[in-house]
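Trainee: Please read through the structure below; I'll follow up with questions.
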Protein chains: 2
Amino acid sequence: MWRCFRKTLHVDRMSILRIAELSGVSPATVSRVFNRPEQVSDATRSRVLQVAAQLGYQPNAAARSLRTQRSRIIGVMLPTLRDPVFAECLEGISSKALREGYGIMPIASGYDRSKENEAIVLLVAANVDGLILTVTDPDWFAPALVALSDQGLPYVLAYNQSPDYVCVGVNSQVEVEQVVHRLIKAGHRKIAMLSGERAASDRAAACSQGYLAAMDRARLPSLPIIEVAFMQTSESAVEAVMTNDRSRPTAMICSNDLLALRFIRQARQLGLDVPADVSVVGFGGIAVGAELSPALSTIAQPSVEIGQRAVELVIAQIHGEKIAAGSEPPMPCSFRQGETIRALG
Amino acid sequence: MWRCFRKTLHVDRMSILRIAELSGVSPATVSRVFNRPEQVSDATRSRVLQVAAQLGYQPNAAARSLRTQRSRIIGVMLPTLRDPVFAECLEGISSKALREGYGIMPIASGYDRSKENEAIVLLVAANVDGLILTVTDPDWFAPALVALSDQGLPYVLAYNQSPDYVCVGVNSQVEVEQVVHRLIKAGHRKIAMLSGERAASDRAAACSQGYLAAMDRARLPSLPIIEVAFMQTSESAVEAVMTNDRSRPTAMICSNDLLALRFIRQARQLGLDVPADVSVVGFGGIAVGAELSPALSTIAQPSVEIGQRAVELVIAQIHGEKIAAGSEPPMPCSFRQGETIRALG
DNA sequence: TTGTATGCGTTATCAA
DNA sequence: TTGATAACGCATACAA
């Protein structure tokens, strides 16, 4: 009799043992019913399932993790949830992960490199099976990523773009180039760029590169890029540029939507109308942008899809699939027309 | 010798055993170093800690959970992350939980009642130690909450307001009442309310009640409340009210900020200026509101603090503290002035 | 202060 | 197809 190896017949907490006892089979069979149903005869399977359902039995996640060495949890590190881009992405991650039977454990790094490291440590300690990360700069973060690889912990970078890692995101440079062309076609010549700190974000850097490249290709003089620290205003810099009638650009490309909104507000405070006096394009595609008036014109990233795809890729790796670095093609953005661009001439 | 109870001396994965071996103590002592450091002599403790640090040892979360019957994970269910109110709240939850040594596991319910139930089941199955929930309606959700109590699983409702449960949030009704008075003081008489589906959200219902009560008290005729389904436009209803010069209110109170932004956009499309033709007040205090022009006037909830306080309360309960239902006072909102209100007369 | 021994609930291996 | 058994890594009661 299998009971022999449990001294106490008095099983009060509900567990596989309890179910086994009540359905007259061994615990092993109960386990199989949940994990390899095809190995169990129809009769016993349905019997066990019924008993389990009746008692509301749920397999114990900790025990399962301990035994299988996998937690079915995906760790997620994003810069912040205050930027709707990442909040939307997280929603995509969450829903997709859930559908695949995984839980998620999110941490916000606040664009802070030391916090990025702490977060990784925390997530690894939580026994996550894989990671989805958005880091300030993949190259700078390389040591930590190597450490993950050494531990055999799969990860996917979201939004980052690097040939050296598995990344899912968009090609910011190309997208910005295209929007520059779009503006040129609309008659703009004096096009400027307002960017997040390039040193703190490879995405901001890529946007700037796209701007410079496109202006160069169009043989237009590029204006000095205005850089602004995360969640900071750079009022003076913007004011200097926008109040000088000679230097004032007719169009401003912003490396993210929040920056664009802030710029619009400041432009208005300087007595400028958007888009009459200055056209504005954002980058990100946050949902709220479409609710405004004028609606924000923006390069809309598929944030939810980025999150979902990242989940797919990390789960594939958890299942042992090898994904080659740089093999994932960038996702296409869609240009959301909005009402902050005016055609000139 | 303690090794006797592990047949395989060949411990390759790093565990408490490995650390014990290398620092010449028993596994129990290593465990104590991490859990009850005061019970270990200074000498051994530092020796063990050094070895552990050197090997980068991290206690295995699953094993610890299995043994202690607690996961140190807090489950979180919010309606959506697309509304910055909840994204900000989640950031507060996350940071506070981390600081307290807890991980979080978030799920978005999408204001969908069946999904709310699924989410709870999922979180419970994930062995969370406690829950932070925002539900459409606490009363409707009562059975699930009772089930949680029966299992001894602590939970806190965030944003919901009910005397029957431990809630952390704001008193929407009073806050709206105050804003009505504020508008009246500013000379408004024809004040209207644009609300989310009251049947689907106790918060929306409370806002409406506040509006009705305040209008009543001021002996002003309240206008019919315009209701709009989640993430839907109710263009026709708004248009009907706003295009009729006789009925058109001079001020519109919206039960959430997103609704307010949408309303402002529609008003403009109808040729109305905000605030010249109609004043607007939102509810929520989303950060982006302050970046707009005109900046959104809003009843600013302390979303981050709500999240943090919810964490405190749920952890207190996890530690065995009993929190009486309704004992938590509502948090005060601050009125964010903005630029969408015009004083009349 | 430290060590011994056990079991948390599950899955996987092996045998029947 | 099913059952017996061991082990996953840790914390704790108890012994020393």
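How things are named: the first chain in the structure tokens is A, the next is B, and so on; residues count from 1 in each chain; ligands count from 1 in the order shown.
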With the cut-off set at 6 Å and counting only C-alpha atoms (C1' of nucleotides), tabulate each residue of chain A with an atom at most that distance from an atom of chain C, showing the nearest atom pair and its distance in Å to one decimal, ordered by chain and increasing number, as a tab-separated table.

Mentor:
residue	atom	partner	partner_atom	distance
A:Ala63	CA	C:DG9	C1'	4.9
A:Arg64	CA	C:DT10	C1'	5.0
A:Arg67	CA	C:DT10	C1'	6.0

Trainee: Could you save those same residues with N, CA and C atoms as a compact mmCIF listing (two decimals), in the first residue's frame?

Mentor:
# COMPACT_ATOMS: atom_id res chain seq x y z
N ALA A 63 6.26 23.71 -4.64
CA ALA A 63 6.74 22.33 -4.70
C ALA A 63 7.08 21.95 -6.14
N ARG A 64 6.21 22.35 -7.02
CA ARG A 64 6.44 22.05 -8.43
C ARG A 64 7.73 22.72 -8.91
N ARG A 67 10.79 20.96 -7.52
CA ARG A 67 11.03 19.66 -8.14
C ARG A 67 11.51 19.80 -9.60

Trainee: Counting only C-alpha atoms, which residues of chain A come no farther than 9 Å from chain B, as a ChimeraX atom specification?

Mentor: /A:58-67,69,71,80-84,87-88,90-91,94-95,98,103-108,122-127,258,261-266,268-269,287-288,290-295

Trainee: So that I can see what lies close to A:His188, please list as a list in words the residues with an atom at most 7 Å from it, counting only C-alpha atoms (C1' of nucleotides) and leaving out residues fewer than 4 positions away in the same chain.

Mentor: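 In the requested form, the answer reads Leu183, Ile184, Thr250, Ala251 and Leu344 of chain A.
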
Trainee: Calculated over only C-alpha atoms (C1' of nucleotides), which of the candidates A:Ser23, A:Gln54, A:Thr68, A:Ser46 has the smallest distance to chain D?

Mentor: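 Distance minimum relative to chain D lands on A:Thr68.
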
Trainee: Please determine the contact residues of chain D with respect to chain B at a cut-off of 9 Å, counting only C-alpha atoms (C1' of nucleotides), and supply them as a ChimeraX atom specification.

Mentor: /D:8-12

Trainee: Could you save those same residues with C-alpha atoms (C1' of nucleotides) as an mmCIF file, in the first residue's frame?

Mentor:
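Just written: out.cif:
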data_model
loop_
_atom_site.group_PDB
_atom_site.id
_atom_site.type_symbol
_atom_site.label_atom_id
_atom_site.label_comp_id
_atom_site.auth_asym_id
_atom_site.auth_seq_id
_atom_site.Cartn_x
_atom_site.Cartn_y
_atom_site.Cartn_z
ATOM 1 C "C1'" DC D 8 14.495 19.028 -5.249
ATOM 2 C "C1'" DG D 9 16.692 23.075 -1.250
ATOM 3 C "C1'" DC D 10 15.391 24.825 2.719
ATOM 4 C "C1'" DA D 11 13.899 25.892 7.764
ATOM 5 C "C1'" DT D 12 12.949 24.251 12.071
#

Trainee: Can you tell me, as a list in words, what residues are no more than 8 Å from B:Val278 when counting only C-alpha atoms (C1' of nucleotides), ignoring any on the same chain fewer than 4 positions away?

Mentor: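 Close residues of B:Val278: Pro249, Thr250, Ala251, Met252, Leu272, Asp273, Val274, Ile341 and Arg342 of chain B.
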
Trainee: For those residues, write N, CA and C atoms to a file as a PDB file, in the first residue's frame.

Mentor:
ATOM      1  N   PRO B 249     -23.823  73.111 -20.536  1.00  0.00           N
ATOM      2  CA  PRO B 249     -23.247  73.470 -19.241  1.00  0.00           C
ATOM      3  C   PRO B 249     -22.030  74.370 -19.430  1.00  0.00           C
ATOM      4  N   THR B 250     -21.721  75.125 -18.395  1.00  0.00           N
ATOM      5  CA  THR B 250     -20.503  75.943 -18.449  1.00  0.00           C
ATOM      6  C   THR B 250     -19.317  75.196 -17.851  1.00  0.00           C
ATOM      7  N   ALA B 251     -19.611  74.090 -17.194  1.00  0.00           N
ATOM      8  CA  ALA B 251     -18.514  73.306 -16.619  1.00  0.00           C
ATOM      9  C   ALA B 251     -18.862  71.825 -16.668  1.00  0.00           C
ATOM     10  N   MET B 252     -17.851  71.022 -16.945  1.00  0.00           N
ATOM     11  CA  MET B 252     -18.051  69.580 -17.025  1.00  0.00           C
ATOM     12  C   MET B 252     -17.078  68.892 -16.077  1.00  0.00           C
ATOM     13  N   LEU B 272     -15.936  74.516 -29.658  1.00  0.00           N
ATOM     14  CA  LEU B 272     -15.932  75.147 -28.340  1.00  0.00           C
ATOM     15  C   LEU B 272     -14.508  75.257 -27.824  1.00  0.00           C
ATOM     16  N   ASP B 273     -14.261  76.308 -27.096  1.00  0.00           N
ATOM     17  CA  ASP B 273     -12.935  76.477 -26.519  1.00  0.00           C
ATOM     18  C   ASP B 273     -12.968  76.080 -25.048  1.00  0.00           C
ATOM     19  N   VAL B 274     -11.880  75.427 -24.618  1.00  0.00           N
ATOM     20  CA  VAL B 274     -11.706  75.105 -23.203  1.00  0.00           C
ATOM     21  C   VAL B 274     -10.544  75.939 -22.690  1.00  0.00           C
ATOM     22  N   ILE B 341     -10.129  75.536 -16.255  1.00  0.00           N
ATOM     23  CA  ILE B 341     -11.274  76.114 -15.572  1.00  0.00           C
ATOM     24  C   ILE B 341     -11.248  77.630 -15.710  1.00  0.00           C
ATOM     25  N   ARG B 342     -12.375  78.163 -16.047  1.00  0.00           N
ATOM     26  CA  ARG B 342     -12.476  79.605 -16.188  1.00  0.00           C
ATOM     27  C   ARG B 342     -13.468  80.119 -15.144  1.00  0.00           C
TER      28      ARG B 342
END

Trainee: With DSSP run on the backbone, what are the helix (DSSP H, G or I) residues within stretch 104-261 of chain A? I'd like them as a PyMOL selection string.

Mentor: chain A and resi 113-125+142-150+172-185+198-200+202-217+235-243+257-261

Trainee: What's the 12 Å shell around B:Glu175, counting only C-alpha atoms (C1' of nucleotides), without same-chain residues fewer than 4 positions away, as a short mmCIF file (atom, residue, chain, number, x, y, z; two decimals) with N, CA and C atoms, in the first residue's frame?

Mentor:
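The resulting file, part.cif, is shown below:
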data_model
loop_
_atom_site.label_atom_id
_atom_site.label_comp_id
_atom_site.auth_asym_id
_atom_site.auth_seq_id
_atom_site.Cartn_x
_atom_site.Cartn_y
_atom_site.Cartn_z
N GLY B 169 -7.93 54.09 -0.58
CA GLY B 169 -8.32 54.87 -1.74
C GLY B 169 -8.73 56.26 -1.29
N VAL B 170 -9.54 56.87 -2.10
CA VAL B 170 -9.96 58.22 -1.77
C VAL B 170 -11.47 58.23 -1.63
N ASN B 171 -11.98 59.29 -1.06
CA ASN B 171 -13.42 59.43 -0.96
C ASN B 171 -13.91 60.21 -2.18
N VAL B 179 -15.26 69.80 -5.47
CA VAL B 179 -14.95 70.43 -6.74
C VAL B 179 -16.19 71.12 -7.30
N VAL B 180 -17.33 70.57 -7.01
CA VAL B 180 -18.57 71.25 -7.42
C VAL B 180 -18.64 72.61 -6.73
N HIS B 181 -18.35 72.61 -5.45
CA HIS B 181 -18.37 73.88 -4.72
C HIS B 181 -17.36 74.86 -5.29
N ARG B 182 -16.24 74.33 -5.62
CA ARG B 182 -15.20 75.19 -6.20
C ARG B 182 -15.70 75.84 -7.49
N ARG B 203 -16.39 53.42 -8.29
CA ARG B 203 -15.80 54.76 -8.25
C ARG B 203 -16.64 55.74 -9.05
N ALA B 206 -19.66 56.64 -7.19
CA ALA B 206 -19.42 57.57 -6.08
C ALA B 206 -19.26 58.99 -6.60
N CYS B 207 -18.58 59.14 -7.72
CA CYS B 207 -18.42 60.48 -8.30
C CYS B 207 -19.77 61.08 -8.61
N SER B 208 -20.62 60.29 -9.22
CA SER B 208 -21.94 60.79 -9.60
C SER B 208 -22.74 61.19 -8.37
N GLN B 209 -22.64 60.37 -7.35
CA GLN B 209 -23.34 60.69 -6.12
C GLN B 209 -22.87 62.02 -5.55
N GLY B 210 -21.56 62.22 -5.58
CA GLY B 210 -21.01 63.47 -5.08
C GLY B 210 -21.55 64.65 -5.86
N TYR B 211 -21.61 64.47 -7.15
CA TYR B 211 -22.12 65.54 -8.00
C TYR B 211 -23.57 65.86 -7.65
N ALA B 213 -25.26 65.16 -4.94
CA ALA B 213 -25.41 65.67 -3.58
C ALA B 213 -25.04 67.15 -3.51
N ALA B 214 -23.91 67.48 -4.13
CA ALA B 214 -23.43 68.86 -4.04
C ALA B 214 -24.37 69.82 -4.76
N ILE B 253 -17.63 68.08 -15.20
CA ILE B 253 -16.79 67.28 -14.31
C ILE B 253 -16.73 65.87 -14.88
N SER B 255 -15.41 61.84 -14.54
CA SER B 255 -15.10 60.91 -13.46
C SER B 255 -13.71 60.31 -13.58
N VAL B 281 -13.02 69.62 -15.51
CA VAL B 281 -12.25 69.07 -14.39
C VAL B 281 -12.20 67.56 -14.54
N GLY B 282 -11.04 67.01 -14.37
CA GLY B 282 -10.89 65.56 -14.42
C GLY B 282 -10.78 64.98 -13.02
N PHE B 283 -10.62 63.69 -12.95
CA PHE B 283 -10.44 63.00 -11.68
C PHE B 283 -9.37 61.93 -11.87
N GLY B 284 -8.32 62.04 -11.08
CA GLY B 284 -7.28 61.03 -11.18
C GLY B 284 -5.90 61.60 -10.94
N THR B 298 -7.60 68.95 -12.33
CA THR B 298 -8.04 67.61 -11.93
C THR B 298 -7.97 67.41 -10.43
N ILE B 299 -8.80 66.50 -9.98
CA ILE B 299 -8.72 66.05 -8.60
C ILE B 299 -7.64 64.98 -8.57
N ALA B 300 -6.50 65.32 -8.00
CA ALA B 300 -5.34 64.43 -8.10
C ALA B 300 -5.32 63.43 -6.96
N GLN B 301 -5.53 62.19 -7.32
CA GLN B 301 -5.39 61.11 -6.34
C GLN B 301 -3.90 60.85 -6.11
N PRO B 330 -9.84 57.38 4.20
CA PRO B 330 -9.57 57.70 2.80
C PRO B 330 -8.41 58.67 2.69
N MET B 331 -7.64 58.54 1.63
CA MET B 331 -6.53 59.47 1.45
C MET B 331 -7.05 60.77 0.85
N PRO B 332 -6.43 61.87 1.23
CA PRO B 332 -6.87 63.15 0.69
C PRO B 332 -6.35 63.34 -0.74
N CYS B 333 -7.20 63.87 -1.59
CA CYS B 333 -6.77 64.27 -2.92
C CYS B 333 -6.29 65.71 -2.85
N SER B 334 -5.51 66.09 -3.81
CA SER B 334 -5.18 67.51 -3.92
C SER B 334 -5.77 68.03 -5.23
N PHE B 335 -6.25 69.22 -5.19
CA PHE B 335 -6.79 69.77 -6.42
C PHE B 335 -5.64 70.36 -7.23
#

Trainee: Assign secondary structure with DSSP using the backbone only, and return the residues of stretch 66-112 of chain A in strand (DSSP E or B) as a list in words.

Mentor: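 Assigned to strand (DSSP E or B), within stretch 66-112 of chain A: Ile73, Ile74, Gly75, Val76, Met77, Leu78, Gly103, Ile104, Met105, Pro106, Ile107 and Ala108 of chain A.
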
Trainee: Atom CA of A:Gln178 and atom CA of A:Pro79, how far apart in Å?

Mentor: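 These atoms are spaced 26.5 Å apart.
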
Trainee: Which residues are near D:DT2? Cut-off 10 Å, only C-alpha atoms (C1' of nucleotides), ignore same chain within fewer than 3 positions. Put them as an NGL selection string.

Mentor: (:A and (25-26 or 28-29 or 39-41)) or (:C and (16))

Trainee: Do you have the atom CA of B:Tyr165-atom CA of B:Leu148 distance handy?

Mentor: 12.0 Å
